[in-house]
Every structure is written in C-alpha cells, then in structure tokens.
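Chemist: Take a look at structure-v1.cif, mmCIF, C-alpha atoms and all ligand atoms:
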data_start
#
loop_
_atom_site.group_PDB
_atom_site.id
_atom_site.type_symbol
_atom_site.label_atom_id
_atom_site.label_comp_id
_atom_site.auth_asym_id
_atom_site.auth_seq_id
_atom_site.Cartn_x
_atom_site.Cartn_y
_atom_site.Cartn_z
ATOM 1 C CA MET Q 119 111.460 61.443 40.899
ATOM 2 C CA HIS Q 120 109.991 64.423 42.669
ATOM 3 C CA ALA Q 121 111.830 65.790 45.665
ATOM 4 C CA THR Q 122 109.841 65.518 48.877
ATOM 5 C CA GLN Q 123 108.645 68.887 50.092
ATOM 6 C CA ASN Q 124 108.914 69.670 53.775
ATOM 7 C CA HIS Q 125 106.195 71.684 55.456
ATOM 8 C CA GLU Q 126 106.098 72.976 58.988
ATOM 9 C CA LEU Q 127 103.003 73.054 61.142
ATOM 10 C CA PRO Q 128 102.318 76.815 60.838
ATOM 11 C CA SER Q 129 102.447 76.678 57.029
ATOM 12 C CA PHE Q 130 100.190 73.613 57.068
ATOM 13 C CA PHE Q 131 97.583 75.422 59.180
ATOM 14 C CA GLY Q 132 97.990 78.477 56.949
ATOM 15 C CA TYR Q 133 97.179 76.286 53.953
ATOM 16 C CA LEU Q 134 94.111 74.871 55.725
ATOM 17 C CA ARG Q 135 92.866 78.350 56.627
ATOM 18 C CA LYS Q 136 93.405 79.738 53.147
ATOM 19 C CA VAL Q 137 92.132 76.856 51.020
ATOM 20 C CA PHE Q 138 89.538 75.185 53.246
ATOM 21 C CA HIS Q 139 88.447 78.133 55.463
ATOM 22 C CA PHE Q 140 89.424 75.976 58.404
ATOM 23 C CA ARG Q 141 89.141 78.703 61.039
ATOM 24 C CA GLU Q 142 85.520 79.514 60.158
ATOM 25 C CA ALA Q 143 84.582 75.826 60.061
ATOM 26 C CA VAL Q 144 86.197 75.148 63.444
ATOM 27 C CA ALA Q 145 84.436 78.174 64.948
ATOM 28 C CA ARG Q 146 81.064 76.551 64.193
ATOM 29 C CA LEU Q 147 81.836 73.399 66.176
ATOM 30 C CA GLY Q 148 80.201 72.775 69.540
ATOM 31 C CA ASP Q 149 79.369 70.236 72.225
ATOM 32 C CA GLY Q 150 76.824 69.790 74.985
ATOM 33 C CA ARG Q 151 78.930 71.003 77.938
ATOM 34 C CA GLN Q 152 77.917 74.155 79.816
ATOM 35 C CA ASP Q 153 80.568 76.915 80.026
ATOM 36 C CA PRO Q 154 83.547 74.575 79.653
ATOM 37 C CA ASP Q 155 87.081 75.749 80.519
ATOM 38 C CA ILE Q 156 88.384 74.023 77.390
ATOM 39 C CA SER Q 157 86.351 75.005 74.336
ATOM 40 C CA PRO Q 158 85.044 72.512 71.753
ATOM 41 C CA GLN Q 159 87.304 74.273 69.227
ATOM 42 C CA THR Q 160 90.366 73.446 71.344
ATOM 43 C CA VAL Q 161 89.178 69.865 71.737
ATOM 44 C CA PHE Q 162 88.776 69.526 67.976
ATOM 45 C CA LEU Q 163 92.130 71.143 67.165
ATOM 46 C CA SER Q 164 93.844 68.877 69.716
ATOM 47 C CA LEU Q 165 92.271 65.791 68.176
ATOM 48 C CA PHE Q 166 93.147 67.077 64.727
ATOM 49 C CA HIS Q 167 96.767 67.309 65.867
ATOM 50 C CA GLY Q 168 96.556 63.698 67.065
ATOM 51 C CA PHE Q 169 95.059 62.663 63.736
ATOM 52 C CA VAL Q 170 97.653 64.484 61.615
ATOM 53 C CA PHE Q 171 100.542 63.025 63.607
ATOM 54 C CA ARG Q 172 98.850 59.633 63.925
ATOM 55 C CA LEU Q 173 99.070 59.494 67.703
ATOM 56 C CA SER Q 174 97.879 56.123 68.925
ATOM 57 C CA SER Q 175 96.106 57.136 72.146
ATOM 58 C CA PHE Q 176 94.578 59.990 74.097
ATOM 59 C CA LEU Q 177 97.344 59.524 76.681
ATOM 60 C CA GLN Q 178 99.920 60.247 74.008
ATOM 61 C CA LEU Q 179 97.913 63.266 72.929
ATOM 62 C CA GLU Q 180 97.692 64.454 76.547
ATOM 63 C CA ALA Q 181 101.490 64.338 76.774
ATOM 64 C CA ASP Q 182 101.794 66.421 73.592
ATOM 65 C CA LEU Q 183 99.253 68.926 74.893
ATOM 66 C CA ALA Q 184 101.567 69.721 77.799
ATOM 67 C CA GLN Q 185 103.806 71.562 75.326
ATOM 68 C CA PRO Q 186 103.180 75.336 75.308
ATOM 69 C CA HIS Q 187 103.558 75.674 71.533
ATOM 70 C CA LEU Q 188 100.772 73.148 70.971
ATOM 71 C CA GLN Q 189 98.573 74.921 73.526
ATOM 72 C CA HIS Q 190 99.122 78.059 71.473
ATOM 73 C CA CYS Q 191 98.184 76.248 68.224
ATOM 74 C CA THR Q 192 95.020 74.782 69.743
ATOM 75 C CA GLU Q 193 94.106 77.987 71.609
ATOM 76 C CA ALA Q 194 94.136 76.088 74.902
ATOM 77 C CA PRO Q 195 94.414 78.141 78.131
ATOM 78 C CA GLY Q 196 96.807 75.512 79.525
ATOM 79 C CA ALA Q 197 97.458 71.799 79.695
ATOM 80 C CA PHE Q 198 94.445 69.551 80.171
ATOM 81 C CA GLY Q 199 93.778 65.857 80.667
ATOM 82 C CA ASN Q 200 92.403 63.348 78.232
ATOM 83 C CA ASP Q 201 89.190 63.160 80.316
ATOM 84 C CA VAL Q 202 88.297 66.583 78.856
ATOM 85 C CA LEU Q 203 88.518 65.086 75.377
ATOM 86 C CA ARG Q 204 86.228 62.244 76.388
ATOM 87 C CA TYR Q 205 83.593 64.472 78.033
ATOM 88 C CA SER Q 206 83.541 66.790 75.038
ATOM 89 C CA LEU Q 207 83.356 64.031 72.444
ATOM 90 C CA ALA Q 208 80.513 62.300 74.262
ATOM 91 C CA SER Q 209 78.261 65.249 73.451
ATOM 92 C CA PHE Q 210 79.944 66.675 70.358
ATOM 93 C CA THR Q 211 77.542 68.217 67.832
ATOM 94 C CA LEU Q 212 77.837 66.217 64.635
ATOM 95 C CA GLU Q 213 76.063 68.433 62.085
ATOM 96 C CA PRO Q 214 78.815 71.082 61.833
ATOM 97 C CA LEU Q 215 81.404 68.300 61.561
ATOM 98 C CA GLU Q 216 79.500 66.724 58.697
ATOM 99 C CA GLN Q 217 79.110 70.095 57.024
ATOM 100 C CA MET Q 218 82.844 70.658 57.360
ATOM 101 C CA LEU Q 219 83.479 67.310 55.683
ATOM 102 C CA VAL Q 220 81.144 68.139 52.807
ATOM 103 C CA ASN Q 221 82.667 71.596 52.294
ATOM 104 C CA ILE Q 222 86.208 70.224 52.299
ATOM 105 C CA ASN Q 223 85.296 67.506 49.786
ATOM 106 C CA ARG Q 224 83.585 70.028 47.531
ATOM 107 C CA ARG Q 225 86.667 72.219 47.678
ATOM 108 C CA LEU Q 226 88.857 69.233 46.787
ATOM 109 C CA LYS Q 227 86.637 68.593 43.774
ATOM 110 C CA ARG Q 228 86.648 72.241 42.681
ATOM 111 C CA ASN Q 229 90.425 72.407 43.055
ATOM 112 C CA LYS Q 230 90.741 69.273 40.888
ATOM 113 C CA ALA Q 231 92.389 67.254 43.660
ATOM 114 C CA LEU Q 232 90.217 64.282 42.616
ATOM 115 C CA ASP Q 233 91.259 64.471 38.955
ATOM 116 C CA PRO Q 234 94.528 62.497 39.067
ATOM 117 C CA GLY Q 235 93.921 58.767 38.743
ATOM 118 C CA ARG Q 236 90.562 59.104 37.040
ATOM 119 C CA VAL Q 237 89.575 56.042 35.009
ATOM 120 C CA GLN Q 238 88.881 57.199 31.465
ATOM 121 C CA GLY Q 239 88.103 60.607 32.863
ATOM 122 C CA ARG Q 240 85.807 59.250 35.553
ATOM 123 C CA VAL Q 241 86.005 59.588 39.301
ATOM 124 C CA VAL Q 242 85.499 56.268 41.112
ATOM 125 C CA ALA Q 243 83.972 55.875 44.572
ATOM 126 C CA ALA Q 244 83.583 52.718 46.659
ATOM 127 C CA LEU Q 245 80.879 51.700 49.066
ATOM 128 C CA ASP Q 246 81.580 49.257 51.851
ATOM 129 C CA GLY Q 247 80.788 48.445 55.448
ATOM 130 C CA ILE Q 248 83.079 48.186 58.454
ATOM 131 C CA GLU Q 249 82.706 47.351 62.114
ATOM 132 C CA VAL Q 250 84.130 49.995 64.403
ATOM 133 C CA LEU Q 251 83.405 49.011 68.019
ATOM 134 C CA SER Q 252 82.511 45.903 69.966
ATOM 135 C CA SER Q 253 82.042 45.039 73.628
ATOM 136 C CA PHE Q 254 80.652 42.271 75.797
ATOM 137 C CA SER Q 255 79.836 44.640 78.658
ATOM 138 C CA ARG Q 256 78.944 48.085 77.321
ATOM 139 C CA CYS Q 257 76.045 48.926 75.077
ATOM 140 C CA CYS Q 258 73.805 51.761 74.003
ATOM 141 C CA GLU Q 259 70.357 51.950 72.454
ATOM 142 C CA PHE Q 260 71.856 51.915 68.941
ATOM 143 C CA CYS Q 261 74.054 48.832 69.477
ATOM 144 C CA LEU Q 262 73.748 45.818 67.224
ATOM 145 C CA GLN Q 263 73.912 42.445 68.962
ATOM 146 C CA ARG Q 264 75.186 38.981 68.126
ATOM 147 C CA ARG Q 265 75.778 35.767 70.004
ATOM 148 C CA VAL Q 266 79.420 34.758 70.274
ATOM 149 C CA VAL Q 267 80.600 31.368 71.537
ATOM 150 C CA SER Q 268 83.974 31.232 73.241
ATOM 151 C CA LEU Q 269 85.725 28.724 75.511
ATOM 152 C CA ASP Q 270 85.943 29.275 79.265
ATOM 153 C CA GLU Q 271 88.941 28.341 81.453
ATOM 154 C CA GLN Q 272 87.811 24.720 81.565
ATOM 155 C CA GLY Q 273 87.546 24.629 77.771
ATOM 156 C CA GLN Q 274 83.758 24.573 77.845
ATOM 157 C CA PRO Q 275 81.851 26.601 75.234
ATOM 158 C CA VAL Q 276 80.198 29.725 76.644
ATOM 159 C CA GLU Q 277 77.750 31.844 74.693
ATOM 160 C CA GLN Q 278 77.743 35.596 75.244
ATOM 161 C CA ILE Q 279 75.982 38.545 73.669
ATOM 162 C CA GLN Q 280 78.396 40.908 71.991
ATOM 163 C CA TYR Q 281 77.396 44.498 71.290
ATOM 164 C CA TYR Q 282 78.889 46.258 68.292
ATOM 165 C CA HIS Q 283 78.489 49.090 65.834
ATOM 166 C CA ARG Q 284 78.777 48.857 62.102
ATOM 167 C CA LEU Q 285 78.664 51.531 59.450
ATOM 168 C CA VAL Q 286 78.569 51.859 55.701
ATOM 169 C CA GLY Q 287 80.886 54.405 54.141
ATOM 170 C CA CYS Q 288 81.486 55.839 50.706
ATOM 171 C CA GLN Q 289 84.952 56.967 49.701
ATOM 172 C CA VAL Q 290 86.582 58.260 46.537
ATOM 173 C CA VAL Q 291 89.236 55.681 45.640
ATOM 174 C CA SER Q 292 90.547 56.688 42.214
ATOM 175 C CA SER Q 293 92.613 59.713 43.243
ATOM 176 C CA PRO Q 294 95.746 59.871 45.407
ATOM 177 C CA VAL Q 295 93.627 61.892 47.861
ATOM 178 C CA LYS Q 296 90.894 59.517 49.006
ATOM 179 C CA PRO Q 297 88.275 61.492 50.900
ATOM 180 C CA ILE Q 298 85.491 59.797 52.835
ATOM 181 C CA LEU Q 299 82.282 61.288 51.420
ATOM 182 C CA ALA Q 300 79.776 60.151 54.022
ATOM 183 C CA LEU Q 301 79.050 57.488 56.625
ATOM 184 C CA GLU Q 302 75.816 55.878 57.688
ATOM 185 C CA TRP Q 303 75.347 53.761 60.818
ATOM 186 C CA VAL Q 304 73.616 50.425 60.533
ATOM 187 C CA ARG Q 305 70.661 50.586 62.930
ATOM 188 C CA PRO Q 306 69.400 47.713 65.084
ATOM 189 C CA ASN Q 307 67.196 45.238 63.221
ATOM 190 C CA GLU Q 308 68.111 46.442 59.753
ATOM 191 C CA GLY Q 309 70.442 45.087 57.105
ATOM 192 C CA GLU Q 310 73.588 46.727 55.841
ATOM 193 C CA ASP Q 311 71.938 47.180 52.445
ATOM 194 C CA THR Q 312 69.276 49.389 54.067
ATOM 195 C CA ALA Q 313 71.934 51.653 55.578
ATOM 196 C CA ALA Q 314 73.729 51.682 52.215
ATOM 197 C CA LEU Q 315 70.567 52.793 50.435
ATOM 198 C CA ARG Q 316 70.062 55.593 52.970
ATOM 199 C CA LEU Q 317 73.657 56.692 52.396
ATOM 200 C CA LEU Q 318 73.342 56.587 48.605
ATOM 201 C CA HIS Q 319 70.171 58.699 48.745
ATOM 202 C CA ARG Q 320 71.999 61.272 50.866
ATOM 203 C CA LEU Q 321 75.098 61.549 48.645
ATOM 204 C CA PRO Q 322 73.519 63.395 45.688
ATOM 205 C CA GLU Q 323 71.624 65.640 48.100
ATOM 206 C CA VAL Q 324 74.808 66.941 49.686
ATOM 207 C CA TYR Q 325 77.277 66.638 46.811
ATOM 208 C CA GLY Q 326 75.172 66.739 43.653
ATOM 209 C CA SER Q 327 74.769 63.833 41.254
ATOM 210 C CA ARG Q 328 78.043 64.265 39.356
ATOM 211 C CA PHE Q 329 80.517 64.281 42.226
ATOM 212 C CA PHE Q 330 81.703 60.855 41.134
ATOM 213 C CA ASP Q 331 80.843 58.710 38.105
ATOM 214 C CA ILE Q 332 81.500 55.076 38.965
ATOM 215 C CA LEU Q 333 80.481 53.313 42.159
ATOM 216 C CA LEU Q 334 82.181 50.104 43.308
ATOM 217 C CA LEU Q 335 80.199 47.872 45.611
ATOM 218 C CA ASP Q 336 79.963 44.315 46.854
ATOM 219 C CA SER Q 337 77.125 42.086 45.729
ATOM 220 C CA LEU Q 338 75.637 42.456 49.232
ATOM 221 C CA TYR Q 339 74.490 45.939 48.235
ATOM 222 C CA ALA Q 340 73.408 45.033 44.706
ATOM 223 C CA GLN Q 341 69.734 44.994 45.545
ATOM 224 C CA THR Q 342 67.019 46.333 43.256
ATOM 225 C CA PRO Q 343 66.532 49.695 45.091
ATOM 226 C CA VAL Q 344 70.282 50.435 44.951
ATOM 227 C CA LEU Q 345 70.489 49.533 41.252
ATOM 228 C CA GLN Q 346 67.431 51.622 40.473
ATOM 229 C CA LEU Q 347 68.850 54.592 42.356
ATOM 230 C CA ALA Q 348 72.186 54.248 40.524
ATOM 231 C CA LYS Q 349 70.322 54.253 37.230
ATOM 232 C CA GLU Q 350 68.303 57.331 38.169
ATOM 233 C CA ILE Q 351 71.418 59.244 39.223
ATOM 234 C CA ASP Q 352 73.400 57.921 36.252
ATOM 235 C CA TRP Q 353 76.165 56.298 38.282
ATOM 236 C CA ASP Q 354 77.819 53.359 36.577
ATOM 237 C CA LEU Q 355 78.320 50.356 38.826
ATOM 238 C CA VAL Q 356 81.143 47.891 39.270
ATOM 239 C CA ILE Q 357 79.863 45.023 41.395
ATOM 240 C CA THR Q 358 82.109 42.437 43.003
ATOM 241 C CA LEU Q 359 80.438 39.031 42.948
ATOM 242 C CA LYS Q 360 82.063 36.495 45.207
ATOM 243 C CA GLN Q 361 79.947 33.396 44.810
ATOM 244 C CA GLU Q 362 79.877 32.155 41.282
ATOM 245 C CA ASN Q 363 76.616 30.261 41.700
ATOM 246 C CA ARG Q 364 74.697 33.395 42.548
ATOM 247 C CA THR Q 365 71.813 34.292 40.268
ATOM 248 C CA LEU Q 366 73.189 37.762 39.680
ATOM 249 C CA TYR Q 367 76.523 36.345 38.559
ATOM 250 C CA GLN Q 368 74.868 33.874 36.227
ATOM 251 C CA ASP Q 369 72.677 36.596 34.732
ATOM 252 C CA ALA Q 370 75.664 38.857 34.282
ATOM 253 C CA MET Q 371 77.688 36.130 32.589
ATOM 254 C CA ALA Q 372 74.751 35.424 30.264
ATOM 255 C CA CYS Q 373 74.802 39.096 29.293
ATOM 256 C CA PHE Q 374 78.579 39.025 28.761
ATOM 257 C CA LYS Q 375 78.202 36.058 26.425
ATOM 258 C CA ALA Q 376 75.409 37.719 24.492
ATOM 259 C CA ALA Q 377 77.351 40.862 23.635
ATOM 260 C CA HIS Q 378 80.888 42.163 23.921
ATOM 261 C CA PRO Q 379 81.375 45.525 25.579
ATOM 262 C CA THR Q 380 81.767 48.427 23.174
ATOM 263 C CA ILE Q 381 83.381 51.775 23.786
ATOM 264 C CA ASN Q 382 82.029 54.727 21.842
ATOM 265 C CA SER Q 383 83.696 57.487 23.808
ATOM 266 C CA PRO Q 384 85.432 57.838 27.144
ATOM 267 C CA LYS Q 385 82.177 59.138 28.662
ATOM 268 C CA SER Q 386 80.253 56.079 27.574
ATOM 269 C CA MET Q 387 82.944 53.647 28.661
ATOM 270 C CA ALA Q 388 80.574 51.678 30.848
ATOM 271 C CA THR Q 389 78.864 49.727 28.181
ATOM 272 C CA THR Q 390 75.157 49.207 28.197
ATOM 273 C CA LEU Q 391 75.397 45.478 27.869
ATOM 274 C CA LEU Q 392 71.702 44.961 28.192
ATOM 275 C CA LYS Q 393 71.030 47.038 25.115
ATOM 276 C CA HIS Q 394 72.310 44.108 23.106
ATOM 277 C CA ASN Q 395 70.360 41.546 25.013
ATOM 278 C CA SER Q 396 66.671 41.115 24.524
ATOM 279 C CA GLY Q 397 66.306 39.237 27.819
ATOM 280 C CA ARG Q 398 66.323 40.870 31.231
ATOM 281 C CA PRO Q 399 68.188 39.539 34.231
ATOM 282 C CA ARG Q 400 65.835 38.133 36.822
ATOM 283 C CA SER Q 401 67.330 39.841 39.840
ATOM 284 C CA PHE Q 402 67.119 43.474 38.872
ATOM 285 C CA PRO Q 403 65.373 45.721 36.401
ATOM 286 C CA SER Q 404 67.448 47.232 33.594
ATOM 287 C CA PRO Q 405 70.675 48.357 35.258
ATOM 288 C CA ARG Q 406 72.751 50.448 32.934
ATOM 289 C CA SER Q 407 75.819 48.323 33.246
ATOM 290 C CA ILE Q 408 77.038 45.191 34.900
ATOM 291 C CA ARG Q 409 80.650 44.250 35.276
ATOM 292 C CA ASN Q 410 82.195 41.452 37.130
ATOM 293 C CA ARG Q 411 85.797 42.648 36.959
ATOM 294 C CA CYS Q 412 86.241 46.188 35.797
ATOM 295 C CA GLY Q 413 89.964 45.814 35.056
ATOM 296 C CA TRP Q 414 89.408 42.685 33.051
ATOM 297 C CA CYS Q 415 86.498 44.125 31.098
ATOM 298 C CA ALA Q 416 88.289 47.360 30.311
ATOM 299 C CA ARG Q 417 91.427 45.631 29.130
ATOM 300 C CA LYS Q 418 89.485 43.156 27.036
ATOM 301 C CA SER Q 419 87.405 45.833 25.371
ATOM 302 C CA GLU Q 420 90.520 47.928 24.912
ATOM 303 C CA LYS Q 421 92.124 45.147 22.888
ATOM 304 C CA GLN Q 422 89.036 44.740 20.818
ATOM 305 C CA ASN Q 423 88.815 48.441 20.094
ATOM 306 C CA GLY Q 424 92.540 48.977 19.631
ATOM 307 C CA THR Q 425 92.587 51.632 22.333
ATOM 308 C CA THR Q 426 96.043 52.656 23.424
ATOM 309 C CA ASP Q 427 95.255 55.436 25.840
ATOM 310 C CA ARG Q 428 97.010 54.508 29.084
ATOM 311 C CA GLU Q 429 94.245 56.067 31.094
ATOM 312 C CA SER Q 430 91.701 53.729 29.589
ATOM 313 C CA VAL Q 431 93.000 50.797 31.614
ATOM 314 C CA SER Q 432 90.557 50.396 34.435
ATOM 315 C CA ARG Q 433 92.401 50.133 37.687
ATOM 316 C CA ARG Q 434 91.040 48.236 40.615
ATOM 317 C CA PRO Q 435 91.938 50.194 43.763
ATOM 318 C CA SER Q 436 93.940 48.540 46.452
ATOM 319 C CA SER Q 437 91.614 47.199 49.074
ATOM 320 C CA ARG Q 438 91.665 45.305 52.288
ATOM 321 C CA ASN Q 439 87.978 44.703 52.140
ATOM 322 C CA GLY Q 440 85.777 43.837 49.224
ATOM 323 C CA CYS Q 441 85.370 46.616 46.753
ATOM 324 C CA GLY Q 442 87.987 49.096 47.802
ATOM 325 C CA LEU Q 443 87.004 51.144 50.855
ATOM 326 C CA GLN Q 444 90.242 52.125 52.516
ATOM 327 C CA ARG Q 445 90.434 51.560 56.255
HETATM 328 ZN ZN ZN V 501 76.235 51.196 71.166
#
The structure in this file should be written as structure tokens.
Ligand SMILES: [Zn+2]

Modeler:
Amino acid sequence: MHATQNHELPSFFGYLRKVFHFREAVARLGDGRQDPDISPQTVFLSLFHGFVFRLSSFLQLEADLAQPHLQHCTEAPGAFGNDVLRYSLASFTLEPLEQMLVNINRRLKRNKALDPGRVQGRVVAALDGIEVLSSFSRCCEFCLQRRVVSLDEQGQPVEQIQYYHRLVGCQVVSSPVKPILALEWVRPNEGEDTAALRLLHRLPEVYGSRFFDILLLDSLYAQTPVLQLAKEIDWDLVITLKQENRTLYQDAMACFKAAHPTINSPKSMATTLLKHNSGRPRSFPSPRSIRNRCGWCARKSEKQNGTTDRESVSRRPSSRNGCGLQR
C-alpha cells in the first residue's frame, strides 16, 4: 500500500502555478463590477479555497477569510463579507473560466493523468443531465418551469409553478482524476437531448476529436443526430437502455443475436455488430456499435476470444445517476 503523501497549501499552489499556469489563468478572470475593492481574482481564489477544503457555505468561507494568512494567499487587502462574493459572482465573466477549464483538462491529458483506468487503452467519458437549482419564488429568463402539486396545511392539494435549471455535462469517468469537460444549460422549451447535442458538437471543437474514445450515455440521448455525430467523430457508444420494450433495445438485441462481438485488436474493441447483420435497426442509421451492458459484453467476448489481459475487462464506472456522471 502506498503511503499517503502530505502536502501543504503553499506547495499545492506552487504545483498549480508550475503545471497548470494557474497565476496567468487567474489573472485573466473578471466580473462586471466597476473599480471593486476586492478584485475578481481574489474572489476566485477565495472560492477556490472553499472548493479545495469543501466548505459548505459562504458564511464558513467568510470566517476563514478573516485569517491573515488566507488574505495573503488570495491577495485580499483585508477581510471581506460573503456579500462581496455574491455581487462578484452575479456578473462573473464565464469565457475565461471555461478557457481555464479547457486548458487544465488538456494539460491533464498531455501529462497522462487520464491514462490510468483506461478500458483496453481507451479513455471513457459519460454524458448525463442534472438539476442544479429550483425555486417556487425566484426565476430568471432562462428558468425552466414545471407544475408541482403539494399539500397545504389543511391537506388539500395545491398546484404551484416551480422554476429550475438543468444542465447536461460530460465528464471523463475512466481515470482516478475525473475532470468535467464541459457543461451545457438546457434552455426553456427545449429537450435535454437538444442541449446534449449542442454540448457534443462543442467538445471536439475545444478538445479535438480524440480526447476520449468511448462515450457512455442514457437512452434519452440516443437520438439519430447524436448517433450520427458519434459516428462522424469516431466515438464508440455505450448506451444504457432502461425499458426493455423500447424499440432501440429490441433492435440492439436482434443485432446481438445475429452476431457475437469480435475483438481484432484493443483499438477495435468496440465491435461493429452491424457489419454482420444485413438488416438495419429502425431507430437509427448505421451506428458503429451498440452495447447494452459494456461490462457484460466485454467479459463475454473476452471468454470467447480467450483474452486474459486484465485491462480488457470493461469496467462500468460507479454512478449515482444513469450512465456514470459523478455528482
Ligand atoms: Zn433561472
């Protein structure tokens, strides 16, 4: 067993500066306030401190920020209240933050931090949606809405409009380091699959087409445009199908019966099942691969091919939601 290494905050920030050019990235951050006493850089570094130490509230962070050594670390001129954090965040410029995320993820890839845990040499990413905010009283122009029925004090049903936000995210899930690659908000009057398609179009633009190899997704996103895009980019797909009477599931099972998966090389692990099947599934045109359960398929085909390589066992990432997006 490896001994746990202890790092202190200065060495951690030194590592960030050296490997991820953290100082330059933070310098590019900004918000919409005019001549603020507390700079956006200090706001970000303070929030970063709260994130690293998993502080549960801005009040807790405010208490920490009263310490002179933390003011020094965050380049703050003195203690400041959590209202400063709120004002700054309300107008924070998102583009430099997104660019920072992309640069850090690219550096992780270049430094081979995503290599451990690869499945037959392939990096696996997951796509999934989560809800992040909801309110019965506050809303903005980008809020989604739904009707919620609850019981009042007399036990009578009362219908209210609830406002909420939902996003679709893509995250690398095969490596011990699991970076979020990108997020896309679901807009009013559109489906989650539309936001997912927008996100998937953006990923190769910012990361290149070979940043990851296998994409896990729920059947909700397995629409023709997504499957076509995956084929164009040459991502292999692992789709979780939850309702066994769905057409897609039935088509997939028909393909599985028609031909057993074959493995020619680690790179071509995702078998082109449809090659062996003269018929085409009705729901989508020529996807490169369909799998219902990646772990099951890989182990089954492993037995058939006599593969003993430990890495060839497809591992399904731990998940609290569908196909593996960590929350
Ligand atoms: Zn809103």

Chemist: For ligand ZN 501 (chain V), which residue among Q:Ser157, Q:Gln280, Q:Asn124, Q:Gln217 is the nearest when counting all atoms listed in the file?

Modeler: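 Going through Q:Ser157, Q:Gln280, Q:Asn124, Q:Gln217 one by one, the smallest distance to ligand ZN 501 (chain V) is for Q:Gln280.
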
Chemist: Could you list the residues chosen by the PyMOL selection byres (((not hetatm)) within 10 of (chain V and resi 501)) in this structure as a ChimeraX atom specification?

Modeler: /Q:251-253,256-263,281-284,305-306

Chemist: The PyMOL selection byres (((chain Q and resi 291) around 6) and not hetatm) on the file shown: which residues, as a PyMOL selection string?

Modeler: chain Q and resi 242-243+290+292-293+296

Chemist: Separation of CA of Lys227 (chain Q) and CA of Ile332 (chain Q), in Å?

Modeler: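 For CA of Lys227 (chain Q) relative to CA of Ile332 (chain Q), the distance reads 15.2 Å.
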
Chemist: Using all atoms listed in the file, which residue out of Q:Val324, Q:Leu318, Q:Gly168, Q:His139 lies closest to Lys349 (chain Q)?

Modeler: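 Closest candidate: Q:Leu318.
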
Chemist: Using CA of Thr192 (chain Q) and CA of Val161 (chain Q) as the two end points, give the distance in Å to one decimal.

Modeler: 7.9 Å

Chemist: Which residue out of Q:Val276, Q:Ala231, Q:Leu163, Q:Leu215 has the minimum interatomic distance to Val295 (chain Q) when all atoms listed in the file are used?

Modeler: Q:Ala231

Chemist: When you draw a straight line from CA of Phe254 (chain Q) to CA of Ile279 (chain Q), how long is it in Å?

Modeler: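 Taking CA of Phe254 (chain Q) and CA of Ile279 (chain Q), their separation equals 6.3 Å.
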
Chemist: So which residues get picked by the PyMOL selection byres (((chain Q and resi 355) around 6) and not hetatm) here, written as a ChimeraX atom specification?

Modeler: /Q:332-334,354,356

Chemist: List as a count of residues only the protein and nucleic acid residues near Ser209 (chain Q), meaning an atom at most 8 Å away when all atoms listed in the file are counted, but skip any in the same chain fewer than 4 places from it.

Modeler: 4

Chemist: At a cut-off of 12 Å, using only C-alpha atoms, what residues contact Arg146 (chain Q)? Leave out same-chain residues fewer than 2 positions from it and give the result as a PyMOL selection string.

Modeler: chain Q and resi 139-144+148-149+157-159+162+210-218

Chemist: Return the single residue from Q:Ala194, Q:Thr160, Q:Gly199, Q:Arg224 that is closest to Val137 (chain Q), with distances computed using only C-alpha atoms.

Modeler: Q:Arg224

Chemist: Considering only C-alpha atoms, can you say which of Q:Ser129, Q:Arg135, Q:Asp233, Q:Thr358 comes closest to Pro294 (chain Q)?

Modeler: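 Counting only C-alpha atoms, the residue closest to Pro294 (chain Q) is Q:Asp233.
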
Chemist: Mind working out the centre and edge lengths of an axis-aligned box for region 203-221 of chain Q, all listed atoms inside, 3 Å added to each side, rounded to one decimal in Å and written as lines of an AutoDock Vina configuration file?

Modeler:
center_x = 82.3
center_y = 66.9
center_z = 65.2
size_x = 18.5
size_y = 15.4
size_z = 31.7
